[in-house]
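Participant: Following this line is query-v7.tsv, made up of TSV, C-alpha atoms:
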```tsv
chain	number	residue	atom	x	y	z
A	1	MET	CA	5.98	32.72	-4.05
A	2	ALA	CA	2.27	32.86	-3.15
A	3	GLY	CA	1.58	30.44	-5.96
A	4	ASP	CA	4.17	28.04	-4.59
A	5	ARG	CA	2.61	28.18	-1.12
A	6	ARG	CA	-0.84	27.48	-2.55
A	7	GLY	CA	0.58	24.63	-4.62
A	8	TRP	CA	2.15	23.00	-1.57
A	9	ARG	CA	-1.04	23.50	0.43
A	10	VAL	CA	-3.05	21.71	-2.26
A	11	CYS	CA	-0.38	19.01	-2.50
A	12	LEU	CA	-0.42	18.35	1.25
A	13	LEU	CA	-4.22	18.38	1.52
A	14	GLY	CA	-4.43	15.96	-1.38
A	15	GLY	CA	-1.87	13.82	0.39
A	16	ALA	CA	-3.94	13.89	3.59
A	17	VAL	CA	-7.00	12.64	1.70
A	18	PHE	CA	-4.81	9.91	0.18
A	19	GLY	CA	-3.60	8.91	3.64
A	20	VAL	CA	-7.14	8.65	5.03
A	21	CYS	CA	-8.17	6.33	2.23
A	22	MET	CA	-5.14	4.07	2.69
A	23	THR	CA	-5.68	3.95	6.46
A	24	GLY	CA	-8.93	2.12	5.87
A	25	THR	CA	-7.27	-0.58	3.79
A	26	THR	CA	-5.17	-1.90	6.71
A	27	LEU	CA	-7.63	-1.13	9.50
A	28	PRO	CA	-8.75	-4.80	9.94
A	29	THR	CA	-5.17	-6.15	10.31
A	30	PRO	CA	-4.94	-6.46	14.14
A	31	LEU	CA	-8.63	-7.43	14.29
A	32	TYR	CA	-8.36	-10.68	12.32
A	33	PRO	CA	-7.79	-12.83	15.46
A	34	LEU	CA	-11.00	-11.36	16.92
A	35	TYR	CA	-12.90	-12.15	13.72
A	36	GLN	CA	-11.48	-15.68	13.79
A	37	GLN	CA	-12.84	-16.15	17.31
A	38	LYS	CA	-16.21	-14.65	16.42
A	39	PHE	CA	-16.82	-16.39	13.08
A	40	GLY	CA	-14.60	-19.47	13.51
A	41	PHE	CA	-12.50	-19.50	10.34
A	42	SER	CA	-8.94	-20.72	9.64
A	43	GLU	CA	-5.67	-18.93	8.91
A	44	LEU	CA	-6.10	-19.80	5.23
A	45	THR	CA	-9.38	-17.89	5.24
A	46	VAL	CA	-7.59	-14.87	6.72
A	47	THR	CA	-5.15	-14.83	3.80
A	48	VAL	CA	-7.99	-15.27	1.29
A	49	VAL	CA	-9.91	-12.37	2.85
A	50	TYR	CA	-6.75	-10.31	2.61
A	51	ALA	CA	-6.12	-11.41	-1.00
A	52	VAL	CA	-9.66	-10.37	-2.02
A	53	TYR	CA	-8.57	-6.82	-1.29
A	54	ALA	CA	-5.40	-7.09	-3.36
A	55	PHE	CA	-7.12	-8.69	-6.35
A	56	ALA	CA	-9.79	-5.96	-6.25
A	57	VAL	CA	-7.02	-3.35	-6.42
A	58	ILE	CA	-5.48	-5.12	-9.40
A	59	GLY	CA	-8.85	-5.36	-11.15
A	60	VAL	CA	-9.50	-1.63	-10.80
A	61	LEU	CA	-5.99	-0.74	-11.92
A	62	LEU	CA	-6.41	-2.84	-15.05
A	63	LEU	CA	-9.98	-1.80	-15.86
A	64	ALA	CA	-9.84	1.87	-14.85
A	65	GLY	CA	-6.27	2.71	-13.90
A	66	ASN	CA	-6.20	5.38	-16.61
A	67	ALA	CA	-9.65	6.80	-15.82
A	68	SER	CA	-8.31	9.88	-14.04
A	69	ASP	CA	-6.18	10.75	-17.10
A	70	ALA	CA	-9.47	11.18	-18.96
A	71	VAL	CA	-12.19	12.39	-16.56
A	72	GLY	CA	-9.89	14.15	-14.08
A	73	ARG	CA	-8.35	13.24	-10.75
A	74	ARG	CA	-11.06	14.61	-8.43
A	75	PRO	CA	-14.02	12.56	-9.73
A	76	VAL	CA	-12.01	9.33	-9.44
A	77	LEU	CA	-10.92	10.24	-5.92
A	78	GLN	CA	-14.53	10.90	-4.92
A	79	TRP	CA	-15.51	7.46	-6.22
A	80	GLY	CA	-12.67	6.02	-4.17
A	81	LEU	CA	-13.90	7.72	-1.00
A	82	GLY	CA	-17.39	6.39	-1.70
A	83	CYS	CA	-16.03	2.84	-1.85
A	84	ALA	CA	-14.04	3.42	1.35
A	85	ALA	CA	-17.21	4.57	3.14
A	86	ALA	CA	-19.14	1.54	1.87
A	87	SER	CA	-16.34	-0.74	3.09
A	88	ALA	CA	-16.52	0.74	6.59
A	89	VAL	CA	-20.30	0.21	6.61
A	90	CYS	CA	-19.83	-3.47	5.69
A	91	PHE	CA	-17.52	-4.01	8.66
A	92	LEU	CA	-19.92	-2.15	10.94
A	93	LEU	CA	-22.76	-4.47	9.84
A	94	ALA	CA	-20.65	-7.65	9.76
A	95	THR	CA	-22.52	-10.71	11.05
A	96	GLY	CA	-20.60	-13.31	9.08
A	97	LEU	CA	-17.71	-14.00	6.75
A	98	GLY	CA	-19.56	-12.68	3.70
A	99	TRP	CA	-19.54	-9.16	5.13
A	100	LEU	CA	-15.75	-9.34	5.55
A	101	TYR	CA	-15.33	-10.38	1.91
A	102	ALA	CA	-17.58	-7.51	0.81
A	103	GLY	CA	-15.76	-5.01	3.02
A	104	ARG	CA	-12.36	-6.07	1.73
A	105	LEU	CA	-13.59	-6.03	-1.86
A	106	LEU	CA	-14.84	-2.45	-1.49
A	107	SER	CA	-11.64	-1.48	0.30
A	108	GLY	CA	-9.67	-2.84	-2.64
A	109	LEU	CA	-11.81	-0.86	-5.06
A	110	SER	CA	-11.13	2.33	-3.09
A	111	ALA	CA	-7.37	1.69	-3.02
A	112	GLY	CA	-7.34	0.84	-6.72
A	113	LEU	CA	-9.10	4.08	-7.61
A	114	PHE	CA	-6.82	6.12	-5.34
A	115	THR	CA	-3.44	4.57	-6.06
A	116	GLY	CA	-2.71	5.97	-9.50
A	117	ALA	CA	-4.99	9.01	-9.38
A	118	ALA	CA	-3.93	10.30	-5.94
A	119	THR	CA	-0.23	9.72	-6.60
A	120	ALA	CA	-0.47	11.65	-9.86
A	121	TYR	CA	-2.57	14.39	-8.19
A	122	VAL	CA	-0.06	15.01	-5.41
A	123	MET	CA	2.83	15.13	-7.88
A	124	GLU	CA	0.98	17.48	-10.26
A	125	ALA	CA	-0.35	19.85	-7.56
A	126	ALA	CA	3.11	20.68	-6.20
A	127	PRO	CA	5.19	23.51	-7.72
A	128	ARG	CA	7.37	22.33	-10.59
A	129	ALA	CA	10.56	23.07	-8.65
A	130	GLY	CA	9.51	20.58	-5.98
A	131	ASP	CA	9.07	17.41	-8.02
A	132	SER	CA	11.32	15.33	-5.78
A	133	ARG	CA	9.61	16.47	-2.58
A	134	ALA	CA	6.19	15.87	-4.15
A	135	THR	CA	7.19	12.30	-4.96
A	136	PHE	CA	8.18	11.86	-1.32
A	137	VAL	CA	4.82	13.27	-0.16
A	138	ALA	CA	2.95	10.87	-2.46
A	139	THR	CA	4.82	7.77	-1.32
A	140	ALA	CA	5.02	8.83	2.34
A	141	VAL	CA	1.29	9.45	2.75
A	142	ASN	CA	0.61	6.14	1.02
A	143	MET	CA	2.81	4.21	3.44
A	144	GLY	CA	1.92	6.43	6.39
A	145	GLY	CA	-1.77	5.78	5.83
A	146	LEU	CA	-1.14	2.04	5.58
A	147	GLY	CA	0.77	2.21	8.86
A	148	CYS	CA	-1.86	4.26	10.68
A	149	GLY	CA	-4.57	1.69	9.93
A	150	PRO	CA	-3.32	-1.17	12.14
A	151	LEU	CA	-2.04	1.25	14.79
A	152	LEU	CA	-5.42	3.02	15.08
A	153	ALA	CA	-7.41	-0.21	15.08
A	154	GLY	CA	-5.06	-1.90	17.55
A	155	VAL	CA	-5.18	0.95	20.07
A	156	LEU	CA	-8.97	1.28	19.85
A	157	ALA	CA	-9.48	-2.49	20.05
A	158	GLN	CA	-7.29	-2.76	23.16
A	159	TYR	CA	-8.27	0.33	25.11
A	160	ALA	CA	-11.72	1.40	23.89
A	161	PRO	CA	-15.12	-0.33	23.77
A	162	TRP	CA	-16.61	-2.10	20.74
A	163	PRO	CA	-13.29	-3.27	19.22
A	164	LEU	CA	-14.88	-4.57	16.01
A	165	TYR	CA	-16.97	-1.46	15.43
A	166	LEU	CA	-15.34	1.72	16.79
A	167	PRO	CA	-12.31	1.67	14.41
A	168	PHE	CA	-14.60	1.64	11.37
A	169	ALA	CA	-16.90	4.32	12.80
A	170	VAL	CA	-13.86	6.57	13.29
A	171	HIS	CA	-12.65	5.90	9.77
A	172	LEU	CA	-16.10	6.61	8.34
A	173	ALA	CA	-16.00	10.05	10.00
A	174	LEU	CA	-12.51	10.69	8.56
A	175	VAL	CA	-13.74	9.72	5.08
A	176	ALA	CA	-16.61	12.20	5.39
A	177	CYS	CA	-14.18	14.99	6.30
A	178	SER	CA	-11.89	14.01	3.41
A	179	SER	CA	-14.77	14.17	0.96
A	180	ALA	CA	-15.48	17.73	2.08
A	181	VAL	CA	-11.81	18.67	1.63
A	182	LEU	CA	-11.75	17.12	-1.84
A	183	LEU	CA	-14.65	19.35	-2.94
A	184	TRP	CA	-12.40	22.37	-2.28
A	185	LEU	CA	-9.30	21.07	-4.04
A	186	PRO	CA	-8.69	22.13	-7.68
A	187	GLU	CA	-8.49	19.76	-10.64
A	188	THR	CA	-5.03	19.15	-12.11
A	189	VAL	CA	-6.00	17.53	-15.43
A	190	ARG	CA	-6.29	20.30	-18.01
A	191	GLU	CA	-7.88	18.47	-20.93
A	192	ARG	CA	-10.62	16.11	-19.81
A	193	ARG	CA	-12.49	13.54	-21.88
A	194	PRO	CA	-15.79	11.70	-21.33
A	195	LEU	CA	-15.84	8.52	-19.23
A	196	SER	CA	-16.91	6.62	-22.35
A	197	THR	CA	-13.37	7.09	-23.74
A	198	VAL	CA	-11.84	5.05	-20.91
A	199	ARG	CA	-10.99	1.51	-21.96
A	200	PRO	CA	-9.66	-1.45	-19.95
A	201	GLN	CA	-5.92	-1.62	-20.22
A	202	ARG	CA	-3.59	-4.57	-20.36
A	203	PRO	CA	-0.45	-4.28	-18.25
A	204	GLY	CA	2.00	-2.36	-20.34
A	205	VAL	CA	4.06	0.80	-20.53
A	206	PRO	CA	5.26	3.08	-23.35
A	207	ALA	CA	8.47	1.95	-25.02
A	208	PRO	CA	10.63	4.77	-23.59
A	209	VAL	CA	9.64	3.80	-20.05
A	210	ARG	CA	10.37	0.06	-20.34
A	211	PRO	CA	14.10	0.15	-19.48
A	212	VAL	CA	13.18	1.91	-16.22
A	213	PHE	CA	10.02	-0.04	-15.49
A	214	GLY	CA	11.47	-3.56	-15.39
A	215	PRO	CA	13.90	-3.23	-12.49
A	216	ALA	CA	11.61	-0.79	-10.66
A	217	ALA	CA	8.70	-3.23	-10.81
A	218	THR	CA	10.88	-6.13	-9.63
A	219	ALA	CA	11.96	-4.28	-6.51
A	220	SER	CA	8.38	-3.17	-5.83
A	221	PHE	CA	7.10	-6.76	-6.04
A	222	VAL	CA	9.48	-8.03	-3.37
A	223	GLY	CA	8.88	-5.08	-1.04
A	224	PHE	CA	5.11	-5.40	-1.18
A	225	ALA	CA	5.32	-9.17	-0.72
A	226	LEU	CA	7.07	-8.60	2.62
A	227	PHE	CA	4.38	-6.13	3.63
A	228	GLY	CA	1.69	-8.61	2.60
A	229	VAL	CA	2.98	-11.21	5.04
A	230	PHE	CA	3.29	-8.66	7.86
A	231	THR	CA	-0.26	-7.39	7.42
A	232	SER	CA	-1.97	-10.76	6.94
A	233	VAL	CA	-0.32	-13.36	9.17
A	234	SER	CA	1.93	-11.56	11.66
A	235	PRO	CA	-0.92	-10.91	14.16
A	236	ALA	CA	-1.61	-14.66	14.24
A	237	PHE	CA	2.10	-15.46	14.68
A	238	LEU	CA	2.39	-12.96	17.52
A	239	ALA	CA	-0.65	-14.43	19.26
A	240	GLU	CA	0.00	-18.15	18.68
A	241	SER	CA	3.79	-18.42	18.86
A	242	LEU	CA	4.79	-15.46	21.04
A	243	GLN	CA	1.62	-15.20	23.19
A	244	VAL	CA	1.33	-11.48	22.36
A	245	THR	CA	-2.41	-10.91	22.69
A	246	ASP	CA	-2.30	-7.12	23.11
A	247	HIS	CA	-3.97	-5.74	19.98
A	248	ALA	CA	-2.15	-2.42	20.30
A	249	VAL	CA	1.23	-4.19	20.27
A	250	SER	CA	0.17	-6.29	17.29
A	251	GLY	CA	-0.93	-3.20	15.39
A	252	LEU	CA	2.25	-1.33	16.33
A	253	VAL	CA	4.52	-4.10	15.00
A	254	VAL	CA	2.76	-4.00	11.63
A	255	ALA	CA	2.72	-0.19	11.61
A	256	LEU	CA	6.49	-0.07	12.23
A	257	ALA	CA	7.14	-1.67	8.85
A	258	PHE	CA	5.18	1.03	7.06
A	259	PHE	CA	6.65	3.87	9.12
A	260	ALA	CA	10.16	2.54	8.50
A	261	SER	CA	9.31	2.66	4.81
A	262	ILE	CA	8.84	6.42	5.12
A	263	GLY	CA	12.35	6.67	6.58
A	264	GLY	CA	13.68	4.68	3.65
A	265	GLN	CA	11.87	6.94	1.21
A	266	LEU	CA	13.36	10.03	2.88
A	267	THR	CA	16.83	8.51	2.56
A	268	ALA	CA	16.16	7.60	-1.07
A	269	GLY	CA	15.71	11.27	-1.88
A	270	ARG	CA	19.38	11.87	-1.03
A	271	VAL	CA	20.90	9.16	-3.23
A	272	PRO	CA	20.59	8.47	-6.98
A	273	VAL	CA	17.93	6.03	-8.15
A	274	ARG	CA	20.64	3.78	-9.57
A	275	ARG	CA	21.86	3.29	-5.98
A	276	SER	CA	18.60	3.44	-4.00
A	277	LEU	CA	17.03	0.49	-5.82
A	278	PRO	CA	19.83	-2.06	-5.18
A	279	LEU	CA	20.34	-0.70	-1.64
A	280	GLY	CA	16.63	-1.17	-1.05
A	281	CYS	CA	16.92	-4.78	-2.20
A	282	ALA	CA	19.76	-5.27	0.30
A	283	GLY	CA	17.54	-3.91	3.08
A	284	LEU	CA	14.73	-6.25	2.03
A	285	LEU	CA	17.08	-9.22	2.12
A	286	ALA	CA	18.22	-8.28	5.63
A	287	GLY	CA	14.59	-7.92	6.73
A	288	LEU	CA	13.76	-11.36	5.35
A	289	ALA	CA	16.75	-12.87	7.17
A	290	LEU	CA	15.66	-11.30	10.46
A	291	LEU	CA	12.10	-12.56	9.94
A	292	ALA	CA	13.47	-16.07	9.38
A	293	GLY	CA	15.34	-15.81	12.68
A	294	ALA	CA	12.17	-14.60	14.41
A	295	LEU	CA	10.13	-17.53	13.07
A	296	TYR	CA	12.81	-20.08	13.92
A	297	GLY	CA	13.57	-18.77	17.40
A	298	ASN	CA	10.16	-17.29	18.35
A	299	LEU	CA	11.74	-13.94	19.24
A	300	LEU	CA	9.66	-10.76	19.35
A	301	ALA	CA	12.77	-8.54	19.14
A	302	LEU	CA	13.67	-10.04	15.75
A	303	VAL	CA	10.11	-9.50	14.49
A	304	VAL	CA	10.44	-5.81	15.36
A	305	LEU	CA	13.91	-5.57	13.76
A	306	SER	CA	12.60	-7.34	10.67
A	307	ALA	CA	9.75	-4.83	10.37
A	308	LEU	CA	12.13	-1.89	10.72
A	309	THR	CA	14.85	-3.20	8.40
A	310	GLY	CA	12.56	-4.65	5.76
A	311	GLY	CA	10.34	-1.57	5.84
A	312	PHE	CA	13.34	0.72	5.42
A	313	GLY	CA	14.56	-1.33	2.45
A	314	GLN	CA	11.10	-1.28	0.91
A	315	GLY	CA	10.99	2.50	1.23
A	316	LEU	CA	14.35	2.91	-0.49
A	317	ALA	CA	13.29	0.68	-3.36
A	318	PHE	CA	9.72	1.98	-3.63
A	319	ARG	CA	10.53	5.66	-3.81
A	320	GLY	CA	13.32	4.98	-6.26
A	321	ALA	CA	10.93	2.96	-8.41
A	322	LEU	CA	8.19	5.58	-8.34
A	323	THR	CA	10.63	8.42	-9.07
A	324	ALA	CA	12.16	6.61	-12.02
A	325	VAL	CA	8.84	5.56	-13.53
A	326	GLY	CA	7.16	8.93	-12.91
A	327	GLU	CA	9.98	10.93	-14.50
A	328	ALA	CA	10.18	8.63	-17.53
A	329	SER	CA	6.41	8.62	-18.22
A	330	PRO	CA	4.66	11.06	-20.59
A	331	GLU	CA	2.37	13.43	-18.71
A	332	ASP	CA	-0.81	12.14	-20.39
A	333	ARG	CA	0.07	8.52	-19.49
A	334	ARG	CA	1.53	9.05	-16.03
A	335	ALA	CA	-1.41	7.75	-13.97
A	336	ALA	CA	-1.78	4.74	-16.26
A	337	VAL	CA	1.92	3.82	-15.99
A	338	ILE	CA	1.92	4.33	-12.21
A	339	SER	CA	-1.17	2.11	-12.03
A	340	THR	CA	0.68	-0.60	-13.97
A	341	LEU	CA	3.56	-0.39	-11.48
A	342	PHE	CA	1.09	-0.91	-8.66
A	343	VAL	CA	-0.43	-3.92	-10.46
A	344	VAL	CA	2.96	-5.61	-10.13
A	345	ALA	CA	3.27	-4.43	-6.51
A	346	TYR	CA	-0.16	-5.78	-5.56
A	347	LEU	CA	0.59	-9.10	-7.21
A	348	GLY	CA	3.45	-9.21	-4.73
A	349	ILE	CA	1.16	-8.37	-1.83
A	350	SER	CA	-1.43	-11.03	-2.74
A	351	VAL	CA	-0.08	-14.14	-4.48
A	352	PRO	CA	2.68	-14.98	-1.94
A	353	VAL	CA	0.26	-14.33	0.94
A	354	VAL	CA	-2.22	-16.89	-0.39
A	355	GLY	CA	0.68	-19.31	-0.78
A	356	VAL	CA	1.58	-18.86	2.88
A	357	GLY	CA	-2.06	-19.51	3.81
A	358	LEU	CA	-2.14	-22.73	1.77
A	359	LEU	CA	1.06	-24.01	3.39
A	360	THR	CA	0.01	-23.10	6.94
A	361	GLY	CA	-2.22	-26.17	7.27
A	362	PRO	CA	0.34	-28.89	6.41
A	363	MET	CA	3.48	-27.05	7.59
A	364	GLY	CA	2.35	-24.70	10.34
A	365	LEU	CA	2.71	-20.94	10.36
A	366	GLU	CA	6.46	-20.98	11.02
A	367	GLY	CA	7.19	-23.52	8.27
A	368	ALA	CA	5.06	-21.67	5.74
A	369	GLY	CA	6.79	-18.43	6.64
A	370	LEU	CA	10.23	-19.94	6.14
A	371	VAL	CA	9.26	-21.24	2.68
A	372	PHE	CA	8.01	-17.76	1.79
A	373	ILE	CA	11.26	-16.19	3.01
A	374	ALA	CA	13.36	-18.60	0.95
A	375	CYS	CA	11.40	-17.81	-2.23
A	376	MET	CA	11.42	-14.05	-1.69
A	377	GLY	CA	15.08	-14.11	-0.72
A	378	ALA	CA	15.99	-15.80	-4.00
A	379	LEU	CA	13.92	-13.26	-5.91
A	380	VAL	CA	15.40	-10.22	-4.19
A	381	VAL	CA	18.94	-11.51	-4.77
A	382	ALA	CA	18.16	-11.93	-8.47
A	383	ALA	CA	16.62	-8.44	-8.59
A	384	ALA	CA	19.65	-6.86	-6.92
A	385	ALA	CA	22.02	-8.63	-9.30
A	386	TYR	CA	20.00	-7.39	-12.27
A	387	LEU	CA	19.97	-3.83	-10.96
A	388	LEU	CA	23.73	-3.88	-10.44
A	389	ARG	CA	24.31	-5.13	-13.98
A	390	ARG	CA	21.82	-2.71	-15.54
A	391	PRO	CA	21.44	0.38	-13.32
A	392	VAL	CA	18.28	2.42	-13.75
A	393	PRO	CA	19.12	5.29	-16.14
A	394	ALA	CA	16.61	7.79	-14.68
A	395	ALA	CA	17.74	10.73	-12.56
A	396	THR	CA	16.33	11.48	-9.14
```
Is it possible to give me this structure as structure tokens?

Facilitator:
Amino acid sequence: MAGDRRGWRVCLLGGAVFGVCMTGTTLPTPLYPLYQQKFGFSELTVTVVYAVYAFAVIGVLLLAGNASDAVGRRPVLQWGLGCAAASAVCFLLATGLGWLYAGRLLSGLSAGLFTGAATAYVMEAAPRAGDSRATFVATAVNMGGLGCGPLLAGVLAQYAPWPLYLPFAVHLALVACSSAVLLWLPETVRERRPLSTVRPQRPGVPAPVRPVFGPAATASFVGFALFGVFTSVSPAFLAESLQVTDHAVSGLVVALAFFASIGGQLTAGRVPVRRSLPLGCAGLLAGLALLAGALYGNLLALVVLSALTGGFGQGLAFRGALTAVGEASPEDRRAAVISTLFVVAYLGISVPVVGVGLLTGPMGLEGAGLVFIACMGALVVAAAAYLLRRPVPAAT
């Protein structure tokens, strides 16, 4: 019993460190309109700055996604916190667009290092009897951290001084505290190897995992694509089309999508994976439809409903995907396979976002958003049909 309590304490502390890191990755979201005013760049540039982060995550996952399987989880997490601290410093020193690119690049490196390693750490630290709850902790702190970033930055930017500096100073202090906590946490990898044994990996999964991985990755792609649009262009839409200039409101709308994802993940724990994945796709489709209505009718209420519904659907699909892939993966390949899943997810959060940015010039923000919704709607329908024909065979 005492061992179980210690295991859950380590699991939750590891999750808190994970959440702090992910908070930094979405911290600039409600601040982009302020940066546009200060540095004078276009909406396309906003999406490119955002995509730099996503491509950095993908690069780390491909080059070092399996590093923590070899050298241990804690060293990789410390490297991730170091990158998060450096990112905050870049934003604090920002005097031009180059600093934003550097800050987002470093933020992507931190998220890439954390994504596979921290997820595996939280799942491994928990008592064996609590695998399902540990999966929920891992996914919830990921999404909760992503949601806290825009909410924290929006509130500080609206109600506190130095809107482009204070949020990053606060996050830098949280990173320092997290680094101290991480020094206390135990290592979960039993047999460690030198860093020299780590090799870049091509996207791929062991043969036994492939039947699970395909549909799980498809659902993850669509869910993260919806989040990508919310976190990159929704502040501009709120300001330009709905005249919502309150940074706290802008940050809250984005945060709602991530917090709703936690609700979806909690619900996913009560239904089989074979049902949570297609149900999640249905929620994503409803969220896309509501977002289309919001863009067409310029209605704030539909934006909020889209964030809640789409976020809930993403949570259903994402936890189901992570549970299925995690349970099907061999222990010594778990972080690498999880990292591959996130490669697909971050392709969803980056490529469609850049497409929206490219279309914004000739079509306007609303037109570009409607094209995005049509493409993602077709994809999510195809994914749901596939999942209904070939249900995921993993157990929850």

Participant: Which residues are near Ala126 (chain A)? Cut-off 9 Å, only C-alpha atoms, ignore same chain within fewer than 3 positions. Put them as number ranges by chain.

Facilitator: A: 4, 6-12, 121-123, 129-131, 133-134

Participant: Please produce an output containing C-alpha atoms for each residue in the selection, written as a short mmCIF file (atom, residue, chain, number, x, y, z; two decimals), in the coordinates of the input.

Facilitator:
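The result, written out as selection_16.cif:
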```
data_model
loop_
_atom_site.label_atom_id
_atom_site.label_comp_id
_atom_site.auth_asym_id
_atom_site.auth_seq_id
_atom_site.Cartn_x
_atom_site.Cartn_y
_atom_site.Cartn_z
CA ASP A 4 4.17 28.04 -4.59
CA ARG A 6 -0.84 27.48 -2.55
CA GLY A 7 0.58 24.63 -4.62
CA TRP A 8 2.15 23.00 -1.57
CA ARG A 9 -1.04 23.50 0.43
CA VAL A 10 -3.05 21.71 -2.26
CA CYS A 11 -0.38 19.01 -2.50
CA LEU A 12 -0.42 18.35 1.25
CA TYR A 121 -2.57 14.39 -8.19
CA VAL A 122 -0.06 15.01 -5.41
CA MET A 123 2.83 15.13 -7.88
CA ALA A 129 10.56 23.07 -8.65
CA GLY A 130 9.51 20.58 -5.98
CA ASP A 131 9.07 17.41 -8.02
CA ARG A 133 9.61 16.47 -2.58
CA ALA A 134 6.19 15.87 -4.15
#
```

Participant: Write out as an MDAnalysis selection string the residues lying within 7 Å of Val175 (chain A), counting only C-alpha atoms and excluding same-chain residues fewer than 2 positions away.

Facilitator: chainID A and resid 20 81 85 171:173 177:179

Participant: For Ala384 (chain A), which residue among A:Arg319, A:Arg274, A:Arg210, A:Arg333 is the nearest when counting all atoms listed in the file?

Facilitator: A:Arg274

Participant: Pick from A:Ala169, A:Phe318, A:Gly269, A:Val205: nearest to Leu93 (chain A), with only C-alpha atoms counted?

Facilitator: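 For Leu93 (chain A), the nearest of the candidates is A:Ala169.
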
Participant: Between CA of Pro272 (chain A) and CA of Ala324 (chain A), measure the distance and give it in Å to one decimal.

Facilitator: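 Pair CA of Pro272 (chain A) / CA of Ala324 (chain A) returns 10.0 Å.
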
Participant: Tell me which of A:Pro206, A:Gly65, A:Pro30, A:Gly297 sits closest to Thr115 (chain A), counting only C-alpha atoms.

Facilitator: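 For Thr115 (chain A), the nearest of the candidates is A:Gly65.
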
Participant: Mind pulling up the distance from CA of Ala94 (chain A) to CA of Leu164 (chain A)?

Facilitator: 9.0 Å

Participant: Could you tell me which of A:Gly108, A:Gly326, A:Gly283, A:Pro215 comes closest to Ala307 (chain A) if we count only C-alpha atoms?

Facilitator: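 Closest to Ala307 (chain A), using only C-alpha atoms: A:Gly283.
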
Participant: So, counting only C-alpha atoms, which residue among A:Leu105, A:Val137, A:Ala345, A:Leu27 is closest to Leu266 (chain A)?

Facilitator: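 Closest to Leu266 (chain A), using only C-alpha atoms: A:Val137.
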
Participant: Quick one: distance from CA of Leu151 (chain A) to CA of Tyr101 (chain A) in Å, one decimal?

Facilitator: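 Between these atoms lies a distance of 21.9 Å.
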
Participant: Within 10 Å of Gly320 (chain A), counting only C-alpha atoms, which residues show up once you throw out same-chain ones fewer than 2 positions away? Write them as an NGL selection string, please.

Facilitator: :A and (135-136 or 216 or 219-220 or 264-265 or 268-269 or 271-278 or 280 or 314-318 or 322-326 or 392 or 394-396)

Participant: Would you list the contacts of region 40-57 of chain A as a list in words, taking every protein, DNA or RNA residue within 7 Å and counting only C-alpha atoms, but skipping same-chain residues closer than 4 positions in sequence?

Facilitator: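 So the residues in contact are Gln36, Leu61, Tyr101, Arg104, Leu105, Ser107, Gly108, Leu109, Ala111, Gly112, Ser232, Tyr346, Ile349, Ser350, Val353, Val354, Gly357 and Leu358 of chain A.
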
Participant: Have a look at A:Gly14, A:Pro211, A:Gly144, A:Gly361 and name the one nearest to Ala118 (chain A); count all atoms listed in the file.

Facilitator: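 Using all atoms listed in the file, the shortest distance to Ala118 (chain A) belongs to A:Gly14.
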
Participant: Within 9 Å of (-8.5, 5.9, -17.3) (coordinates as in the file), grab all the protein and nucleic acid residues, counting all atoms listed in the file, and write them out as a VMD selection string.

Facilitator: chain A and resid 61 63 to 72 195 197 to 201 335 to 336

Participant: Determine, counting only C-alpha atoms, which protein, DNA and RNA residues have an atom within 7 Å of an atom of Thr188 (chain A); residues of the same chain fewer than 4 positions away are not included. Present the result as an NGL selection string.

Facilitator: :A and (73 or 121 or 124-125)
